[in-house]
$ cat protein-v7.csv   # CSV, C-alpha atoms
chain,number,residue,atom,x,y,z
A,1,MET,CA,20.8,83.6,-22.2
A,2,LYS,CA,20.9,83.0,-26.0
A,3,LEU,CA,22.4,79.5,-25.5
A,4,GLN,CA,19.7,78.5,-23.0
A,5,TYR,CA,17.0,79.7,-25.4
A,6,LEU,CA,18.5,77.8,-28.3
A,7,ILE,CA,18.9,74.6,-26.3
A,8,SER,CA,15.3,74.8,-25.3
A,9,ILE,CA,14.1,75.1,-28.9
A,10,LEU,CA,16.2,72.1,-30.0
A,11,PHE,CA,15.0,70.0,-27.0
A,12,PHE,CA,11.4,70.9,-27.9
A,13,ILE,CA,11.9,69.9,-31.5
A,14,SER,CA,13.4,66.5,-30.6
A,15,THR,CA,10.8,65.5,-28.1
A,16,THR,CA,8.0,66.7,-30.3
A,17,THR,CA,9.3,64.5,-33.1
A,18,GLN,CA,9.3,61.4,-30.9
A,19,VAL,CA,5.8,62.1,-29.5
A,20,MET,CA,4.3,62.5,-32.9
A,21,SER,CA,5.5,59.1,-34.1
A,22,ARG,CA,2.5,56.8,-34.6
A,23,PRO,CA,1.3,53.7,-36.5
A,24,LEU,CA,1.5,53.5,-40.3
A,25,ALA,CA,-0.9,55.5,-42.5
A,26,VAL,CA,-2.3,53.6,-45.6
A,27,GLN,CA,-1.4,56.6,-47.7
A,28,ASN,CA,2.2,55.5,-47.6
A,29,PHE,CA,1.5,52.4,-49.7
A,30,LYS,CA,1.6,52.5,-53.5
A,31,TYR,CA,-0.5,49.4,-54.2
A,32,LYS,CA,-3.8,48.1,-53.0
A,33,LYS,CA,-5.9,44.9,-53.4
A,34,ASP,CA,-9.4,44.5,-52.0
A,35,LEU,CA,-10.4,41.2,-50.5
A,36,LYS,CA,-13.4,39.1,-51.3
A,37,ILE,CA,-14.4,36.6,-48.6
A,38,SER,CA,-16.4,33.5,-49.6
A,39,GLY,CA,-19.2,32.0,-47.6
A,40,ASN,CA,-20.8,33.2,-44.4
A,41,LEU,CA,-18.4,35.0,-42.0
A,42,SER,CA,-19.0,34.6,-38.3
A,43,PRO,CA,-18.1,37.4,-35.9
A,44,ASN,CA,-14.4,37.1,-35.0
A,45,GLY,CA,-14.1,34.1,-37.3
A,46,ILE,CA,-10.8,33.1,-38.9
A,47,VAL,CA,-10.0,34.2,-42.4
A,48,LYS,CA,-7.3,32.7,-44.7
A,49,LEU,CA,-5.7,34.7,-47.5
A,50,THR,CA,-3.3,33.2,-50.0
A,51,LEU,CA,-0.7,35.7,-51.5
A,52,ASP,CA,-0.4,35.9,-55.3
A,53,GLU,CA,2.4,36.9,-57.7
A,54,ASP,CA,1.5,40.6,-57.8
A,55,ILE,CA,2.4,40.8,-54.1
A,56,TYR,CA,5.9,39.4,-54.6
A,57,LYS,CA,6.5,41.7,-57.6
A,58,HIS,CA,5.5,45.0,-55.9
A,59,SER,CA,5.8,44.4,-52.2
A,60,PHE,CA,8.8,44.5,-49.9
A,61,TYR,CA,7.4,41.6,-47.8
A,62,GLY,CA,7.6,43.4,-44.5
A,63,ASP,CA,5.3,46.1,-45.8
A,64,LEU,CA,2.1,44.0,-46.1
A,65,ARG,CA,-0.8,45.5,-44.2
A,66,ILE,CA,-4.4,44.4,-44.0
A,67,THR,CA,-7.1,47.0,-43.2
A,68,TYR,CA,-10.8,46.8,-42.4
A,69,ASN,CA,-12.4,50.2,-43.2
A,70,GLY,CA,-9.0,51.9,-42.9
A,71,GLU,CA,-8.0,50.3,-39.6
A,72,ILE,CA,-5.0,47.9,-39.5
A,73,VAL,CA,-5.9,44.2,-38.9
A,74,PRO,CA,-3.2,42.0,-37.1
A,75,TYR,CA,-2.2,38.9,-39.0
A,76,HIS,CA,0.1,35.9,-39.0
A,77,ILE,CA,1.9,34.7,-42.2
A,78,GLN,CA,3.1,31.1,-42.9
A,79,ASN,CA,3.9,28.8,-45.7
A,80,ALA,CA,0.8,27.2,-47.4
A,81,GLU,CA,0.4,23.5,-46.9
A,82,GLU,CA,-1.7,20.8,-48.6
A,83,ILE,CA,-3.4,19.2,-45.7
A,84,ALA,CA,-3.4,15.5,-45.9
A,85,LYS,CA,-6.9,14.0,-45.4
A,86,ASN,CA,-6.3,10.3,-45.7
A,87,THR,CA,-5.6,8.8,-42.3
A,88,GLU,CA,-5.2,5.3,-40.9
A,89,LYS,CA,-5.8,3.8,-37.5
A,90,VAL,CA,-3.4,1.1,-36.2
A,91,LYS,CA,-3.1,-1.0,-33.0
A,92,PRO,CA,-0.2,-0.2,-30.7
A,93,GLU,CA,1.7,-3.1,-29.1
A,94,LEU,CA,2.1,-2.9,-25.3
A,95,LEU,CA,5.7,-3.9,-24.6
A,96,PHE,CA,5.7,-3.2,-20.9
A,97,SER,CA,3.5,-1.9,-18.1
A,98,LYS,CA,4.0,-1.4,-14.3
A,99,LYS,CA,1.4,-0.1,-11.8
A,100,ASP,CA,3.2,0.7,-8.6
A,101,GLU,CA,3.8,4.2,-7.2
A,102,MET,CA,3.5,5.4,-10.8
A,103,GLU,CA,1.9,3.7,-13.8
A,104,ILE,CA,4.4,3.2,-16.7
A,105,TYR,CA,3.5,2.0,-20.2
A,106,VAL,CA,5.9,1.4,-23.1
A,107,LEU,CA,4.3,1.1,-26.6
A,108,GLU,CA,5.6,0.1,-30.0
A,109,LEU,CA,3.8,1.5,-33.1
A,110,PRO,CA,3.9,-0.3,-36.4
A,111,LYS,CA,6.5,0.7,-39.0
A,112,LEU,CA,5.5,3.8,-41.0
A,113,PRO,CA,4.8,3.6,-44.8
A,114,GLU,CA,6.7,6.1,-46.9
A,115,GLY,CA,5.5,9.7,-46.5
A,116,MET,CA,3.4,9.2,-43.3
A,117,ASN,CA,3.6,10.4,-39.7
A,118,TYR,CA,2.0,9.5,-36.5
A,119,THR,CA,-0.5,12.2,-35.4
A,120,LYS,CA,-2.6,10.9,-32.5
A,121,LEU,CA,-2.7,8.3,-29.7
A,122,SER,CA,-6.1,7.3,-28.3
A,123,VAL,CA,-6.3,6.8,-24.5
A,124,SER,CA,-9.2,5.2,-22.6
A,125,SER,CA,-10.0,3.8,-19.1
A,126,ALA,CA,-12.9,1.8,-17.6
A,127,TYR,CA,-13.0,4.2,-14.7
A,128,ASP,CA,-13.3,7.9,-14.2
A,129,TYR,CA,-9.9,9.5,-13.7
A,130,GLU,CA,-7.7,12.6,-14.2
A,131,THR,CA,-4.0,12.5,-14.5
A,132,SER,CA,-0.9,14.3,-15.8
A,133,ILE,CA,0.9,12.1,-18.3
A,134,THR,CA,4.6,12.5,-19.3
A,135,LEU,CA,5.0,11.3,-22.8
A,136,LYS,CA,8.4,10.3,-24.2
A,137,LEU,CA,9.2,9.4,-27.9
A,138,GLY,CA,12.1,7.6,-29.4
A,139,ASP,CA,13.4,5.5,-32.3
A,140,ASN,CA,14.1,2.6,-29.9
A,141,PRO,CA,13.2,1.7,-26.2
A,142,ASP,CA,16.8,2.4,-25.1
A,143,GLN,CA,16.7,6.1,-25.8
A,144,PHE,CA,13.8,8.6,-25.8
A,145,VAL,CA,14.6,12.0,-27.3
A,146,ASP,CA,11.3,13.9,-27.3
A,147,SER,CA,9.2,14.6,-24.2
A,148,LYS,CA,6.1,16.6,-23.2
A,149,THR,CA,3.4,16.6,-20.5
A,150,VAL,CA,-0.3,16.4,-21.1
A,151,PHE,CA,-3.4,16.3,-18.9
A,152,LEU,CA,-6.2,13.7,-19.5
A,153,TYR,CA,-9.4,13.0,-17.7
A,154,LYS,CA,-12.7,11.1,-17.8
A,155,TYR,CA,-15.7,12.4,-15.9
A,156,GLY,CA,-18.6,10.2,-16.8
A,157,ASN,CA,-19.5,10.9,-20.4
A,158,GLN,CA,-17.0,13.8,-20.6
A,159,SER,CA,-13.4,12.9,-21.5
A,160,SER,CA,-10.2,14.0,-23.3
A,161,GLY,CA,-9.0,10.8,-24.8
A,162,GLU,CA,-6.4,11.7,-27.3
A,163,ILE,CA,-2.7,12.7,-27.2
A,164,ASP,CA,-1.4,14.9,-30.0
A,165,LEU,CA,1.8,13.2,-31.4
A,166,SER,CA,2.6,16.3,-33.6
A,167,GLY,CA,3.3,14.3,-36.7
A,168,THR,CA,6.2,12.3,-35.3
A,169,LYS,CA,8.1,9.4,-37.0
A,170,HIS,CA,9.2,7.9,-33.6
A,171,ARG,CA,7.7,4.5,-33.1
A,172,PHE,CA,8.4,3.9,-29.4
A,173,LEU,CA,6.3,5.6,-26.7
A,174,ARG,CA,6.8,5.7,-22.9
A,175,LEU,CA,4.0,7.1,-20.8
A,176,GLU,CA,4.2,7.9,-17.1
A,177,ALA,CA,0.8,8.4,-15.4
A,178,GLU,CA,-0.4,8.8,-11.8
A,179,PRO,CA,-1.5,5.6,-10.0
A,180,GLY,CA,-5.1,4.5,-10.4
A,181,SER,CA,-5.5,5.6,-14.0
A,182,ASP,CA,-5.5,2.1,-15.4
A,183,LEU,CA,-5.0,3.3,-19.0
A,184,LYS,CA,-5.7,1.5,-22.3
A,185,PHE,CA,-4.5,2.5,-25.8
A,186,PRO,CA,-7.0,1.3,-28.4
A,187,ASN,CA,-5.3,2.8,-31.5
A,188,ALA,CA,-2.9,5.3,-32.9
A,189,THR,CA,-3.6,7.5,-36.0
A,190,ARG,CA,-1.1,8.1,-38.8
A,191,ALA,CA,-1.6,10.3,-41.8
A,192,LYS,CA,0.2,11.5,-45.0
A,193,GLN,CA,2.7,14.3,-44.4
A,194,ASN,CA,1.4,17.8,-45.3
A,195,LYS,CA,3.1,19.2,-48.4
A,196,ASN,CA,4.3,22.7,-48.8
A,197,LEU,CA,2.8,24.4,-51.9
A,198,TYR,CA,4.9,26.2,-54.5
A,199,TRP,CA,4.8,28.1,-57.7
A,200,GLU,CA,7.3,26.8,-60.2
A,201,LYS,CA,8.4,28.3,-63.5
A,202,SER,CA,10.9,26.9,-66.0
A,203,HIS,CA,13.3,29.3,-67.8
A,204,ALA,CA,14.9,28.8,-71.2
A,205,VAL,CA,18.7,28.3,-70.9
A,206,THR,CA,20.6,30.5,-73.3
A,207,ASN,CA,24.2,30.0,-74.4
A,208,PRO,CA,26.6,30.9,-71.5
A,209,VAL,CA,29.2,33.6,-71.5
A,210,LEU,CA,32.5,31.8,-71.2
A,211,ALA,CA,35.5,33.1,-69.3
A,212,GLU,CA,38.8,31.6,-68.3
A,213,ASN,CA,37.7,29.7,-65.2
A,214,HIS,CA,33.9,30.2,-65.1
A,215,CYS,CA,30.8,30.5,-67.2
A,216,LYS,CA,27.8,32.9,-66.8
A,217,PHE,CA,24.1,32.2,-67.6
A,218,LEU,CA,21.8,35.2,-67.9
A,219,PHE,CA,18.0,34.9,-67.5
A,220,LEU,CA,15.8,37.9,-68.4
A,221,ASN,CA,12.8,36.7,-66.4
A,222,GLU,CA,10.5,38.9,-68.5
A,223,SER,CA,7.4,37.7,-66.6
A,224,GLN,CA,8.9,39.0,-63.4
A,225,SER,CA,8.2,35.7,-61.7
A,226,ALA,CA,9.1,35.9,-58.0
A,227,PHE,CA,11.2,33.1,-56.4
A,228,GLN,CA,13.1,32.2,-53.3
A,229,ILE,CA,14.6,28.9,-54.5
A,230,LEU,CA,16.5,28.0,-57.7
A,231,LYS,CA,16.5,24.4,-59.1
A,232,LEU,CA,19.3,23.6,-61.5
A,233,GLU,CA,19.7,20.6,-63.8
A,234,PHE,CA,23.0,19.8,-65.5
A,235,GLU,CA,23.9,17.1,-68.1
A,236,GLU,CA,26.6,16.0,-65.7
A,237,THR,CA,25.4,13.9,-62.7
A,238,ASN,CA,28.5,14.0,-60.4
A,239,TRP,CA,30.1,17.4,-59.7
A,240,GLU,CA,31.1,20.0,-57.1
A,241,ARG,CA,31.4,23.6,-58.1
A,242,ARG,CA,31.3,27.1,-56.5
A,243,ILE,CA,28.2,28.9,-57.7
A,244,THR,CA,27.2,32.5,-57.4
A,245,VAL,CA,23.6,33.8,-58.1
A,246,ARG,CA,22.9,37.5,-58.5
A,247,GLY,CA,19.6,39.3,-59.0
A,248,LYS,CA,18.9,42.7,-60.3
A,249,ILE,CA,17.6,45.2,-57.7
A,250,ASN,CA,15.8,48.4,-58.6
A,251,LYS,CA,16.5,47.7,-62.3
A,252,LYS,CA,20.0,49.0,-61.8
A,253,GLU,CA,22.2,47.2,-59.3
A,254,TRP,CA,23.1,43.5,-59.0
A,255,GLU,CA,22.9,41.9,-55.6
A,256,THR,CA,24.5,38.5,-54.7
A,257,VAL,CA,21.7,36.3,-53.3
A,258,PHE,CA,23.7,33.1,-53.1
A,259,GLU,CA,27.4,32.3,-53.1
A,260,GLY,CA,28.9,28.9,-52.0
A,261,THR,CA,30.0,25.4,-53.0
A,262,VAL,CA,27.3,23.1,-54.3
A,263,SER,CA,27.8,19.3,-54.7
A,264,HIS,CA,25.6,16.8,-56.6
A,265,ASN,CA,25.6,13.1,-57.4
A,266,LYS,CA,23.3,10.7,-59.1
A,267,GLU,CA,21.6,9.7,-55.8
A,268,ASP,CA,20.5,13.3,-55.2
A,269,GLY,CA,18.0,13.2,-58.0
A,270,VAL,CA,17.8,15.4,-61.1
A,271,PHE,CA,17.9,18.9,-59.6
A,272,SER,CA,20.2,20.8,-57.2
A,273,GLU,CA,18.3,23.2,-55.0
A,274,ILE,CA,19.8,26.5,-54.1
A,275,PRO,CA,18.0,28.6,-51.4
A,276,LEU,CA,18.4,32.4,-51.9
A,277,SER,CA,18.9,35.0,-49.3
A,278,ARG,CA,16.0,37.1,-50.5
A,279,THR,CA,13.1,37.0,-53.0
A,280,ILE,CA,14.0,37.9,-56.6
A,281,ASN,CA,11.4,39.0,-59.2
A,282,SER,CA,13.6,40.4,-62.0
A,283,GLU,CA,16.4,39.2,-64.2
A,284,PHE,CA,19.1,37.1,-62.6
A,285,GLU,CA,22.4,35.5,-63.5
A,286,ILE,CA,24.2,32.3,-62.5
A,287,GLU,CA,28.0,32.0,-62.5
A,288,VAL,CA,29.5,28.5,-62.3
A,289,TYR,CA,33.2,28.4,-61.4
A,290,ASP,CA,34.9,25.4,-63.1
A,291,GLY,CA,38.5,26.1,-62.2
A,292,GLU,CA,40.6,23.5,-64.0
A,293,ASN,CA,37.6,21.2,-64.5
A,294,GLU,CA,35.5,20.8,-67.7
A,295,THR,CA,32.6,23.2,-68.1
A,296,LEU,CA,29.3,22.0,-66.8
A,297,HIS,CA,26.3,22.1,-69.2
A,298,LEU,CA,23.2,23.6,-67.7
A,299,THR,CA,20.0,22.2,-69.3
A,300,ASN,CA,17.2,23.5,-67.1
A,301,ALA,CA,16.6,26.2,-64.6
A,302,ILE,CA,13.4,26.3,-62.5
A,303,THR,CA,12.5,29.1,-60.1
A,304,VAL,CA,10.4,28.2,-57.1
A,305,GLN,CA,8.3,30.5,-54.9
A,306,PRO,CA,6.7,28.9,-51.7
A,307,LEU,CA,3.0,29.8,-51.5
A,308,GLU,CA,2.3,31.8,-48.3
A,309,GLU,CA,-1.0,32.3,-46.4
A,310,ILE,CA,-2.1,35.1,-44.1
A,311,TYR,CA,-4.5,34.4,-41.2
A,312,PHE,CA,-6.5,37.0,-39.3
A,313,PHE,CA,-9.6,37.4,-37.2
A,314,ALA,CA,-12.7,38.9,-38.8
A,315,ASN,CA,-14.4,42.0,-37.3
A,316,GLN,CA,-16.9,41.6,-34.4
A,317,ASP,CA,-19.9,42.1,-36.8
A,318,GLY,CA,-18.9,39.4,-39.2
A,319,THR,CA,-19.0,41.8,-42.1
A,320,LYS,CA,-17.3,40.6,-45.3
A,321,GLU,CA,-16.9,43.9,-47.1
A,322,GLY,CA,-14.3,46.6,-46.3
A,323,TYR,CA,-11.1,44.5,-46.2
A,324,SER,CA,-8.1,45.6,-48.3
A,325,LEU,CA,-4.4,44.6,-48.5
A,326,TYR,CA,-1.9,47.5,-48.9
A,327,TYR,CA,1.7,47.1,-50.0
A,328,GLY,CA,4.5,48.8,-51.9
A,329,ASN,CA,6.5,50.8,-49.4
A,330,PRO,CA,10.2,50.1,-49.2
A,331,TYR,CA,10.6,52.2,-46.0
A,332,GLN,CA,7.9,50.3,-44.0
A,333,TRP,CA,9.0,48.5,-40.8
A,334,PRO,CA,8.1,44.8,-40.6
A,335,ALA,CA,4.8,43.9,-39.0
A,336,ASP,CA,4.9,43.3,-35.3
A,337,PHE,CA,1.6,42.3,-33.8
A,338,ASP,CA,0.7,41.0,-30.3
A,339,PRO,CA,0.6,37.2,-30.7
A,340,TYR,CA,-2.9,37.1,-29.1
A,341,SER,CA,-4.3,39.4,-31.7
A,342,TYR,CA,-4.2,36.9,-34.5
A,343,PRO,CA,-5.1,33.2,-34.8
A,344,SER,CA,-2.8,30.7,-33.1
A,345,GLY,CA,-1.7,27.4,-34.7
A,346,ASP,CA,-4.2,25.5,-32.6
A,347,GLU,CA,-7.1,27.8,-33.5
A,348,ILE,CA,-6.3,27.5,-37.2
A,349,LYS,CA,-6.1,23.7,-36.9
A,350,ASN,CA,-9.3,23.3,-34.9
A,351,ASN,CA,-11.5,25.7,-37.0
A,352,GLU,CA,-12.3,25.9,-40.6
A,353,PRO,CA,-11.0,29.3,-41.9
A,354,LYS,CA,-13.0,31.2,-44.5
A,355,SER,CA,-11.1,31.8,-47.7
A,356,ALA,CA,-10.4,35.3,-48.9
A,357,ASN,CA,-9.4,36.0,-52.5
A,358,LEU,CA,-7.4,39.0,-53.7
A,359,LEU,CA,-9.1,41.1,-56.4
A,360,ASP,CA,-7.3,43.0,-59.1
A,361,GLU,CA,-4.3,45.2,-58.2
A,362,SER,CA,-4.7,49.0,-58.3
A,363,GLU,CA,-2.5,51.9,-57.5
A,364,ASN,CA,-3.5,53.6,-54.3
A,365,PRO,CA,-5.1,56.9,-55.3
A,366,ASP,CA,-4.2,58.4,-51.9
A,367,PHE,CA,-0.5,57.4,-52.2
A,368,GLY,CA,2.0,60.0,-51.0
A,369,PHE,CA,4.6,59.8,-48.3
A,370,SER,CA,3.6,61.6,-45.1
A,371,ILE,CA,6.1,63.9,-43.4
A,372,LEU,CA,5.7,61.9,-40.2
A,373,TYR,CA,6.9,58.6,-41.8
A,374,PRO,CA,10.0,57.5,-43.8
A,375,PRO,CA,11.4,58.6,-46.0
A,376,MET,CA,10.1,62.1,-45.4
A,377,SER,CA,10.5,61.9,-41.6
A,378,GLY,CA,14.2,60.9,-42.1
A,379,TYR,CA,14.8,63.9,-44.4
A,380,ILE,CA,13.2,66.2,-42.0
A,381,ALA,CA,15.1,64.8,-39.0
A,382,SER,CA,18.4,65.1,-40.9
A,383,GLY,CA,17.5,68.7,-41.9
A,384,LEU,CA,16.7,69.6,-38.3
A,385,PHE,CA,19.9,68.1,-37.1
A,386,TYR,CA,22.0,70.1,-39.5
A,387,VAL,CA,20.0,73.3,-38.8
A,388,GLY,CA,20.7,72.7,-35.1
A,389,ILE,CA,24.4,72.2,-35.7
A,390,ALA,CA,24.5,75.4,-37.8
A,391,ALA,CA,22.6,77.3,-35.1
A,392,LEU,CA,25.0,76.1,-32.4
A,393,LEU,CA,28.1,77.0,-34.5
A,394,TYR,CA,26.6,80.5,-35.2
A,395,LEU,CA,25.9,81.0,-31.5
A,396,LEU,CA,29.4,79.9,-30.6
A,397,PHE,CA,30.9,82.2,-33.2
A,398,SER,CA,28.8,85.1,-31.9
A,399,ILE,CA,30.0,84.4,-28.3
A,400,LEU,CA,33.6,84.2,-29.4
A,401,LYS,CA,33.3,87.4,-31.4
A,402,SER,CA,31.7,89.3,-28.5
A,403,LYS,CA,34.5,88.1,-26.1
A,404,ARG,CA,37.1,89.2,-28.6
A,405,SER,CA,35.6,92.7,-28.8
A,406,VAL,CA,35.6,93.0,-25.1
A,407,LEU,CA,39.3,92.0,-24.9
A,408,LEU,CA,40.2,94.5,-27.5
A,409,GLU,CA,38.3,97.3,-25.7
A,410,THR,CA,40.1,96.5,-22.4
A,411,GLU,CA,43.5,96.7,-24.1
$ encode --input "protein-v7.csv" --output "structure tokens"
Amino acid sequence: MKLQYLISILFFISTTTQVMSRPLAVQNFKYKKDLKISGNLSPNGIVKLTLDEDIYKHSFYGDLRITYNGEIVPYHIQNAEEIAKNTEKVKPELLFSKKDEMEIYVLELPKLPEGMNYTKLSVSSAYDYETSITLKLGDNPDQFVDSKTVFLYKYGNQSSGEIDLSGTKHRFLRLEAEPGSDLKFPNATRAKQNKNLYWEKSHAVTNPVLAENHCKFLFLNESQSAFQILKLEFEETNWERRITVRGKINKKEWETVFEGTVSHNKEDGVFSEIPLSRTINSEFEIEVYDGENETLHLTNAITVQPLEEIYFFANQDGTKEGYSLYYGNPYQWPADFDPYSYPSGDEIKNNEPKSANLLDESENPDFGFSILYPPMSGYIASGLFYVGIAALLYLLFSILKSKRSVLLETE
């Protein structure tokens, strides 16, 4: 009877703990930044927010949460790009066409200047039509490697007369359309490639600590500049070395964020780029293993942090006030929003997002871990587990003791 009662209590505790799990409370975040949105904001309009250095210093990346009047706002994060605005229109050359059971067109686009891509192909017809087109792209007419299907139409004055080429460098196009379409291709559009945006910071190189087969360079990074990429310049132009990069975590422990063999020659340019496994915003060290070779002479170290942007839908009223960004919780699980709850790539591309700026950082006055969320929930769950084990052991001991007493009485 006692055993059944105890099992019921433990079952109730475990199921209650699961039921009470719920979305994040903003009180669990140590830092907060309010948002200031520029211009007029339309209801459900798209808002773009660029992250700053404070975020990388004090956040744990997966803990970023945007709120509107205390309610969590779904968002999408991506690398910031400098959108190329200068475009050119060129005339495609029709290499081949056939209009039997299926219309087939093969086009050749002019050679691309350095740093440009093809973005669009214009399509027209003298007649009204609708057709599904299979588009294939390739570097030569013998082999097409990319393929997609689009739907085009012309109904009087209404038409969809462009095919998105998605910034391709392929110059040969093969189009397969339904008979009777009689398509023409007036021009193609090419544009400069979009450029990813970065923060860069140069760090003074101090004298290395020399060992038998390697040397170590230490960088204090006093400004706590965050970075995900490390660019190194050496006096030597041709070399291959094993390099290890470590960053200080929690001001105490060192963590290896890169370890591998790096090669460089004169044709690669001035710098060797090393991608790190995580963002570092504290002091770091670089170890170069020379083996039996001469020691390399490091002359410049630059840390690089890609700029990132957050996109989200505004509220239904189009109100600009009441938005905040919370961060600073190492126990927070990564954001996982329904993909239809934040702007898609096409929506961002086809609309002009309103820019939001981050105001000064402040410590959240309501900060304090709730018992329902990590780490407190973990401590409580562990405590309940050990209490349950202790209770079961006590109950088993009591049962064994009572059975022993019964056996002694019968003897």
$ closest_residue --input "protein-v7.csv" --among "A:His170, A:Asp52, A:Asp360, A:Phe96" --to "Leu109 (chain A)" --atoms "all atoms listed in the file"
A:His170
$ residues_near_point --input "protein-v7.csv" --point "(18.8, 30.1, -56.7)" --cutoff "9 Å" --atoms "all atoms listed in the file" --output "list in words"
Phe227, Gln228, Ile229, Leu230, Lys231, Leu232, Thr244, Val245, Arg246, Val257, Phe258, Glu273, Ile274, Pro275, Leu276, Ser277, Ile286, Ile302, Thr303 and Val304 of chain A
$ closest_atom_pairs --input "protein-v7.csv" --of "region 71-105 of chain A" --to "region 190-197 of chain A" --cutoff "7 Å" --atoms "all atoms listed in the file" --output "Markdown table"
| residue | atom | partner | partner_atom | distance |
| --- | --- | --- | --- | --- |
| A:Asn79 | CA | A:Asn196 | CA | 6.9 |
| A:Ala80 | CA | A:Leu197 | CA | 5.7 |
| A:Glu81 | CA | A:Asn196 | CA | 4.4 |
| A:Glu82 | CA | A:Lys195 | CA | 5.1 |
| A:Ile83 | CA | A:Asn194 | CA | 5.0 |
| A:Ala84 | CA | A:Asn194 | CA | 5.4 |
| A:Asn86 | CA | A:Ala191 | CA | 6.1 |
| A:Thr87 | CA | A:Ala191 | CA | 4.3 |
| A:Glu88 | CA | A:Arg190 | CA | 5.4 |
| A:Lys89 | CA | A:Arg190 | CA | 6.5 |
$ write_last_selection --input "protein-v7.csv" --atoms "C-alpha atoms" --output "CSV table (one decimal), keeping the file's coordinate frame"
chain,number,residue,atom,x,y,z
A,79,ASN,CA,3.9,28.8,-45.7
A,80,ALA,CA,0.8,27.2,-47.4
A,81,GLU,CA,0.4,23.5,-46.9
A,82,GLU,CA,-1.7,20.8,-48.6
A,83,ILE,CA,-3.4,19.2,-45.7
A,84,ALA,CA,-3.4,15.5,-45.9
A,86,ASN,CA,-6.3,10.3,-45.7
A,87,THR,CA,-5.6,8.8,-42.3
A,88,GLU,CA,-5.2,5.3,-40.9
A,89,LYS,CA,-5.8,3.8,-37.5
$ atom_distance --input "protein-v7.csv" --atom1 "CA of Val209 (chain A)" --atom2 "CA of Lys252 (chain A)"
20.4 Å
$ closest_residue --input "protein-v7.csv" --among "A:Thr168, A:Phe337, A:Glu178, A:Asn28" --to "Met102 (chain A)" --atoms "all atoms listed in the file"
A:Glu178
$ residues_around --input "protein-v7.csv" --residues "Phe284 (chain A)" --least-positions-apart "6" --cutoff "9 Å" --atoms "all atoms listed in the file" --output "list in words"
Phe217, Leu218, Phe219, Leu220, Asn221, Val245, Arg246, Gly247, Lys248 and Trp254 of chain A
$ write_last_selection --input "protein-v7.csv" --atoms "C-alpha atoms" --output "PDB file, in the coordinates of the input"
ATOM      1  CA  PHE A 217      24.100  32.200 -67.600  1.00  0.00           C
ATOM      2  CA  LEU A 218      21.800  35.200 -67.900  1.00  0.00           C
ATOM      3  CA  PHE A 219      18.000  34.900 -67.500  1.00  0.00           C
ATOM      4  CA  LEU A 220      15.800  37.900 -68.400  1.00  0.00           C
ATOM      5  CA  ASN A 221      12.800  36.700 -66.400  1.00  0.00           C
ATOM      6  CA  VAL A 245      23.600  33.800 -58.100  1.00  0.00           C
ATOM      7  CA  ARG A 246      22.900  37.500 -58.500  1.00  0.00           C
ATOM      8  CA  GLY A 247      19.600  39.300 -59.000  1.00  0.00           C
ATOM      9  CA  LYS A 248      18.900  42.700 -60.300  1.00  0.00           C
ATOM     10  CA  TRP A 254      23.100  43.500 -59.000  1.00  0.00           C
TER      11      TRP A 254
END
$ atom_distance --input "protein-v7.csv" --atom1 "CA of Ile37 (chain A)" --atom2 "CA of Asp336 (chain A)"
24.4 Å
$ closest_residue --input "protein-v7.csv" --among "A:Val270, A:Ala188, A:Gly180, A:Ile399" --to "Lys91 (chain A)" --atoms "all atoms listed in the file"
A:Ala188
$ closest_residue --input "protein-v7.csv" --among "A:Pro306, A:Pro113, A:Gly291, A:Pro353" --to "Ala211 (chain A)" --atoms "only C-alpha atoms"
A:Gly291
